[in-house]
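Asker: My questions will all concern the structure given below.
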Amino acid sequence: MAARVLTALFGAPLLLLAAWLGGFYLAAAVALLVLLAQHEFVRLIGDLSPHRGLVFAGGLVLVTAAYLNPGRFPDAALFALLLLYLGAFVFFFPRIAPGSLAGTLLGAVYPGLLAYLYLLRALPDGWLWLLLVLVVTWAFDMFGYFTGMVLGRIRMTPNLSPKKTVEGLAGGILAAVAAAAAGGFFIAGKLDWPFIVLGLLIGAAAQTGDLATSALKRFAGVKDAGRLLPGHGGVLDRFDSMLVSAPLGYYLIQWLILR
């Protein structure tokens, strides 16, 4: 627990500083997170034989596209990525099999969803929206963890993640909704229903990302995705919730609040 807290106290301010600075600094921080997450992801899906170099190249394509033209992400980025991988498939055939190509695409795109952290910052008043999604996701993670540890009785997914409980999920969702409502009051000056919906759905998305990474770790037969972050495991272990909550938060903010 001490290592977990110290890592959070050191890492969170660095991420918040990059988020505040925005621009190239945030894009560089996100690119680093994507590459580290991809390194761990490739290890988890090793049975699919993904091409490591193409996975990393794909991650850089996604982050670069978000940085250069956030308004056209992800359509243009995914098209460029598809062209890159189809070209590699043809040029290196038969060294790259279809299964390997599928694993390579998955290894590039799934961790590459962290590019939405940059896209949130690129929205009007983006610092506030990025901070809101970060805080709501962290609230879900922290309160879900402690609620489950203290009150957890009913296992939610015993075959996938035995320590996850219904009580932990409920505590995390309530914390996410409360954080989103407080953020909405700060941003809009009132308690507004779109922020309540935002907190509820981001909480659900965070849990989905967490369980998806748990499934990958069970598939690979490992406890943690990596060892980079003491007390947390790897980058995927710490940012698994954000892989789903950041994209969903980005679209919900546009559809419900900035419409």
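Following the order of the structure tokens, first chain is A, next is B, and so on, with residues numbered from 1 inside each chain and ligands from 1 in the order they appear.
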Residues near range 97-112 of chain A, anyone? I mean within 10 Å using only C-alpha atoms, not counting same-chain ones fewer than 4 positions away, as a PyMOL selection string.
Answerer: chain A and resi 30-31+33-63+78+81-82+85-86+88-89+92-93+116+235-236+239-240+242-244
Asker: Per residue of range 59-149 of chain A within 9 Å of range 11-24 of chain A, note the shortest atom pair and the distance in Å to one decimal, counting only C-alpha atoms, and order the rows by chain and increasing residue number, as a tab-separated table.
Answerer:
```
residue	atom	partner	partner_atom	distance
A:Tyr67	CA	A:Gly23	CA	7.6
A:Leu117	CA	A:Ala19	CA	8.5
A:Tyr118	CA	A:Gly22	CA	7.7
A:Arg121	CA	A:Gly22	CA	6.7
A:Ala122	CA	A:Gly22	CA	8.1
A:Gly126	CA	A:Gly22	CA	9.0
A:Trp127	CA	A:Trp20	CA	6.2
A:Leu130	CA	A:Ala19	CA	7.4
A:Leu131	CA	A:Leu16	CA	7.8
```
Asker: So that I have them on file, write out the residues from the current selection with N, CA and C atoms, as a JSON list (two decimals), in the first residue's frame.
Answerer:
```json
[["chain", "number", "residue", "atom", "x", "y", "z"],
["A", 67, "TYR", "N", -2.39, 14.70, -32.41],
["A", 67, "TYR", "CA", -1.68, 15.96, -32.17],
["A", 67, "TYR", "C", -1.80, 16.91, -33.36],
["A", 117, "LEU", "N", -6.71, 11.14, -24.30],
["A", 117, "LEU", "CA", -6.33, 12.10, -23.26],
["A", 117, "LEU", "C", -5.92, 13.42, -23.90],
["A", 118, "TYR", "N", -5.18, 13.33, -25.01],
["A", 118, "TYR", "CA", -4.80, 14.55, -25.73],
["A", 118, "TYR", "C", -6.01, 15.21, -26.37],
["A", 121, "ARG", "N", -7.96, 17.37, -24.09],
["A", 121, "ARG", "CA", -7.29, 18.66, -23.87],
["A", 121, "ARG", "C", -7.47, 19.59, -25.05],
["A", 122, "ALA", "N", -7.71, 19.03, -26.25],
["A", 122, "ALA", "CA", -7.86, 19.85, -27.45],
["A", 122, "ALA", "C", -9.27, 20.43, -27.59],
["A", 126, "GLY", "N", -10.31, 22.76, -22.77],
["A", 126, "GLY", "CA", -9.92, 21.36, -22.67],
["A", 126, "GLY", "C", -9.26, 20.97, -21.36],
["A", 127, "TRP", "N", -8.54, 21.90, -20.73],
["A", 127, "TRP", "CA", -7.90, 21.57, -19.45],
["A", 127, "TRP", "C", -8.94, 21.12, -18.44],
["A", 130, "LEU", "N", -10.37, 17.55, -19.49],
["A", 130, "LEU", "CA", -9.40, 16.49, -19.22],
["A", 130, "LEU", "C", -9.28, 16.25, -17.72],
["A", 131, "LEU", "N", -9.21, 17.32, -16.95],
["A", 131, "LEU", "CA", -9.13, 17.18, -15.50],
["A", 131, "LEU", "C", -10.37, 16.48, -14.96]]
```
Asker: So which bits of range 10-242 of chain A end up strand (DSSP E or B) when you DSSP the backbone, as a PDB file with N, CA and C atoms, in the first residue's frame?
Answerer:
```pdb
ATOM      1  N   ARG A 155     -18.926 -11.429  -4.835  1.00  0.00           N
ATOM      2  CA  ARG A 155     -17.980 -11.390  -5.942  1.00  0.00           C
ATOM      3  C   ARG A 155     -18.701 -11.102  -7.255  1.00  0.00           C
ATOM      4  N   MET A 156     -18.122 -10.195  -8.041  1.00  0.00           N
ATOM      5  CA  MET A 156     -18.749  -9.782  -9.286  1.00  0.00           C
ATOM      6  C   MET A 156     -18.362 -10.703 -10.445  1.00  0.00           C
ATOM      7  N   THR A 157     -17.075 -10.983 -10.581  1.00  0.00           N
ATOM      8  CA  THR A 157     -16.582 -11.859 -11.649  1.00  0.00           C
ATOM      9  C   THR A 157     -15.564 -12.827 -11.049  1.00  0.00           C
ATOM     10  N   SER A 161     -11.792 -11.928 -12.068  1.00  0.00           N
ATOM     11  CA  SER A 161     -11.087 -11.097 -11.094  1.00  0.00           C
ATOM     12  C   SER A 161     -11.740 -11.310  -9.735  1.00  0.00           C
ATOM     13  N   PRO A 162     -11.287 -12.309  -8.970  1.00  0.00           N
ATOM     14  CA  PRO A 162     -11.954 -12.702  -7.726  1.00  0.00           C
ATOM     15  C   PRO A 162     -12.090 -11.598  -6.689  1.00  0.00           C
ATOM     16  N   LYS A 163     -11.217 -10.606  -6.712  1.00  0.00           N
ATOM     17  CA  LYS A 163     -11.261  -9.556  -5.709  1.00  0.00           C
ATOM     18  C   LYS A 163     -12.271  -8.455  -6.039  1.00  0.00           C
ATOM     19  N   LYS A 164     -12.792  -8.444  -7.258  1.00  0.00           N
ATOM     20  CA  LYS A 164     -13.789  -7.439  -7.625  1.00  0.00           C
ATOM     21  C   LYS A 164     -15.141  -7.832  -7.039  1.00  0.00           C
ATOM     22  N   THR A 165     -15.773  -6.876  -6.353  1.00  0.00           N
ATOM     23  CA  THR A 165     -17.056  -7.160  -5.711  1.00  0.00           C
ATOM     24  C   THR A 165     -18.128  -6.173  -6.166  1.00  0.00           C
ATOM     25  N   LEU A 229       5.628   0.331 -12.288  1.00  0.00           N
ATOM     26  CA  LEU A 229       5.071   1.219 -11.261  1.00  0.00           C
ATOM     27  C   LEU A 229       4.913   0.446  -9.954  1.00  0.00           C
ATOM     28  N   GLY A 233       1.941  -2.255 -10.527  1.00  0.00           N
ATOM     29  CA  GLY A 233       2.243  -3.184 -11.603  1.00  0.00           C
ATOM     30  C   GLY A 233       2.814  -2.434 -12.786  1.00  0.00           C
TER      31      GLY A 233
END
```
Asker: Just the alpha helix (DSSP H) stuff from range 147-230 of chain A, please, per backbone DSSP, written as a PyMOL selection string.
Answerer: chain A and resi 147-151+166-188+193-220
Asker: Taking C-alpha atoms for each residue, export the selection above as a PDB file, in the first residue's frame.
Answerer:
```
ATOM      1  CA  THR A 147     -15.052   0.074  -0.648  1.00  0.00           C
ATOM      2  CA  GLY A 148     -14.441  -3.408  -1.986  1.00  0.00           C
ATOM      3  CA  MET A 149     -11.623  -3.978   0.480  1.00  0.00           C
ATOM      4  CA  VAL A 150     -13.713  -2.910   3.505  1.00  0.00           C
ATOM      5  CA  LEU A 151     -17.276  -3.910   2.565  1.00  0.00           C
ATOM      6  CA  VAL A 166     -20.502  -5.710  -6.299  1.00  0.00           C
ATOM      7  CA  GLU A 167     -20.003  -3.481  -3.254  1.00  0.00           C
ATOM      8  CA  GLY A 168     -16.755  -2.157  -4.716  1.00  0.00           C
ATOM      9  CA  LEU A 169     -18.476  -1.397  -8.015  1.00  0.00           C
ATOM     10  CA  ALA A 170     -21.292   0.417  -6.213  1.00  0.00           C
ATOM     11  CA  GLY A 171     -18.854   2.468  -4.147  1.00  0.00           C
ATOM     12  CA  GLY A 172     -16.843   3.366  -7.225  1.00  0.00           C
ATOM     13  CA  ILE A 173     -19.927   4.392  -9.212  1.00  0.00           C
ATOM     14  CA  LEU A 174     -21.199   6.583  -6.365  1.00  0.00           C
ATOM     15  CA  ALA A 175     -17.781   8.252  -6.080  1.00  0.00           C
ATOM     16  CA  ALA A 176     -17.620   8.813  -9.850  1.00  0.00           C
ATOM     17  CA  VAL A 177     -21.082  10.390  -9.896  1.00  0.00           C
ATOM     18  CA  ALA A 178     -20.223  12.589  -6.900  1.00  0.00           C
ATOM     19  CA  ALA A 179     -16.949  13.713  -8.507  1.00  0.00           C
ATOM     20  CA  ALA A 180     -18.671  14.484 -11.802  1.00  0.00           C
ATOM     21  CA  ALA A 181     -21.461  16.399 -10.039  1.00  0.00           C
ATOM     22  CA  ALA A 182     -18.910  18.440  -8.093  1.00  0.00           C
ATOM     23  CA  GLY A 183     -16.979  19.110 -11.286  1.00  0.00           C
ATOM     24  CA  GLY A 184     -20.159  20.178 -13.040  1.00  0.00           C
ATOM     25  CA  PHE A 185     -20.997  22.574 -10.234  1.00  0.00           C
ATOM     26  CA  PHE A 186     -17.510  24.088 -10.536  1.00  0.00           C
ATOM     27  CA  ILE A 187     -17.636  24.331 -14.346  1.00  0.00           C
ATOM     28  CA  ALA A 188     -21.297  25.203 -14.959  1.00  0.00           C
ATOM     29  CA  TRP A 193     -27.967  16.265 -15.154  1.00  0.00           C
ATOM     30  CA  PRO A 194     -25.423  15.748 -18.006  1.00  0.00           C
ATOM     31  CA  PHE A 195     -22.631  15.638 -15.444  1.00  0.00           C
ATOM     32  CA  ILE A 196     -24.514  13.002 -13.421  1.00  0.00           C
ATOM     33  CA  VAL A 197     -24.852  10.874 -16.564  1.00  0.00           C
ATOM     34  CA  LEU A 198     -21.198  11.504 -17.347  1.00  0.00           C
ATOM     35  CA  GLY A 199     -20.110  10.247 -13.929  1.00  0.00           C
ATOM     36  CA  LEU A 200     -22.337   7.168 -14.123  1.00  0.00           C
ATOM     37  CA  LEU A 201     -21.147   6.129 -17.587  1.00  0.00           C
ATOM     38  CA  ILE A 202     -17.481   6.922 -16.975  1.00  0.00           C
ATOM     39  CA  GLY A 203     -17.636   4.776 -13.851  1.00  0.00           C
ATOM     40  CA  ALA A 204     -19.088   1.900 -15.866  1.00  0.00           C
ATOM     41  CA  ALA A 205     -16.471   2.434 -18.581  1.00  0.00           C
ATOM     42  CA  ALA A 206     -13.654   2.446 -16.034  1.00  0.00           C
ATOM     43  CA  GLN A 207     -14.839  -0.887 -14.647  1.00  0.00           C
ATOM     44  CA  THR A 208     -15.026  -2.310 -18.173  1.00  0.00           C
ATOM     45  CA  GLY A 209     -11.446  -1.274 -18.915  1.00  0.00           C
ATOM     46  CA  ASP A 210     -10.277  -2.766 -15.632  1.00  0.00           C
ATOM     47  CA  LEU A 211     -11.959  -6.108 -16.304  1.00  0.00           C
ATOM     48  CA  ALA A 212     -10.746  -6.203 -19.915  1.00  0.00           C
ATOM     49  CA  THR A 213      -7.143  -5.959 -18.724  1.00  0.00           C
ATOM     50  CA  SER A 214      -7.867  -8.608 -16.082  1.00  0.00           C
ATOM     51  CA  ALA A 215      -9.060 -10.896 -18.876  1.00  0.00           C
ATOM     52  CA  LEU A 216      -5.864 -10.288 -20.828  1.00  0.00           C
ATOM     53  CA  LYS A 217      -3.761 -11.069 -17.754  1.00  0.00           C
ATOM     54  CA  ARG A 218      -5.690 -14.287 -17.139  1.00  0.00           C
ATOM     55  CA  PHE A 219      -5.166 -15.184 -20.798  1.00  0.00           C
ATOM     56  CA  ALA A 220      -1.424 -14.639 -20.383  1.00  0.00           C
TER      57      ALA A 220
END
```
Asker: Work out how far CA of Leu123 in chain A is from CA of Gln254 in chain A, in Å to one decimal.
Answerer: 8.7 Å
Asker: Restricting the calculation to only C-alpha atoms: of A:Trp129, A:Tyr250, A:Val222, A:Leu68, which residue gets closest to Gly234 in chain A?
Answerer: A:Val222
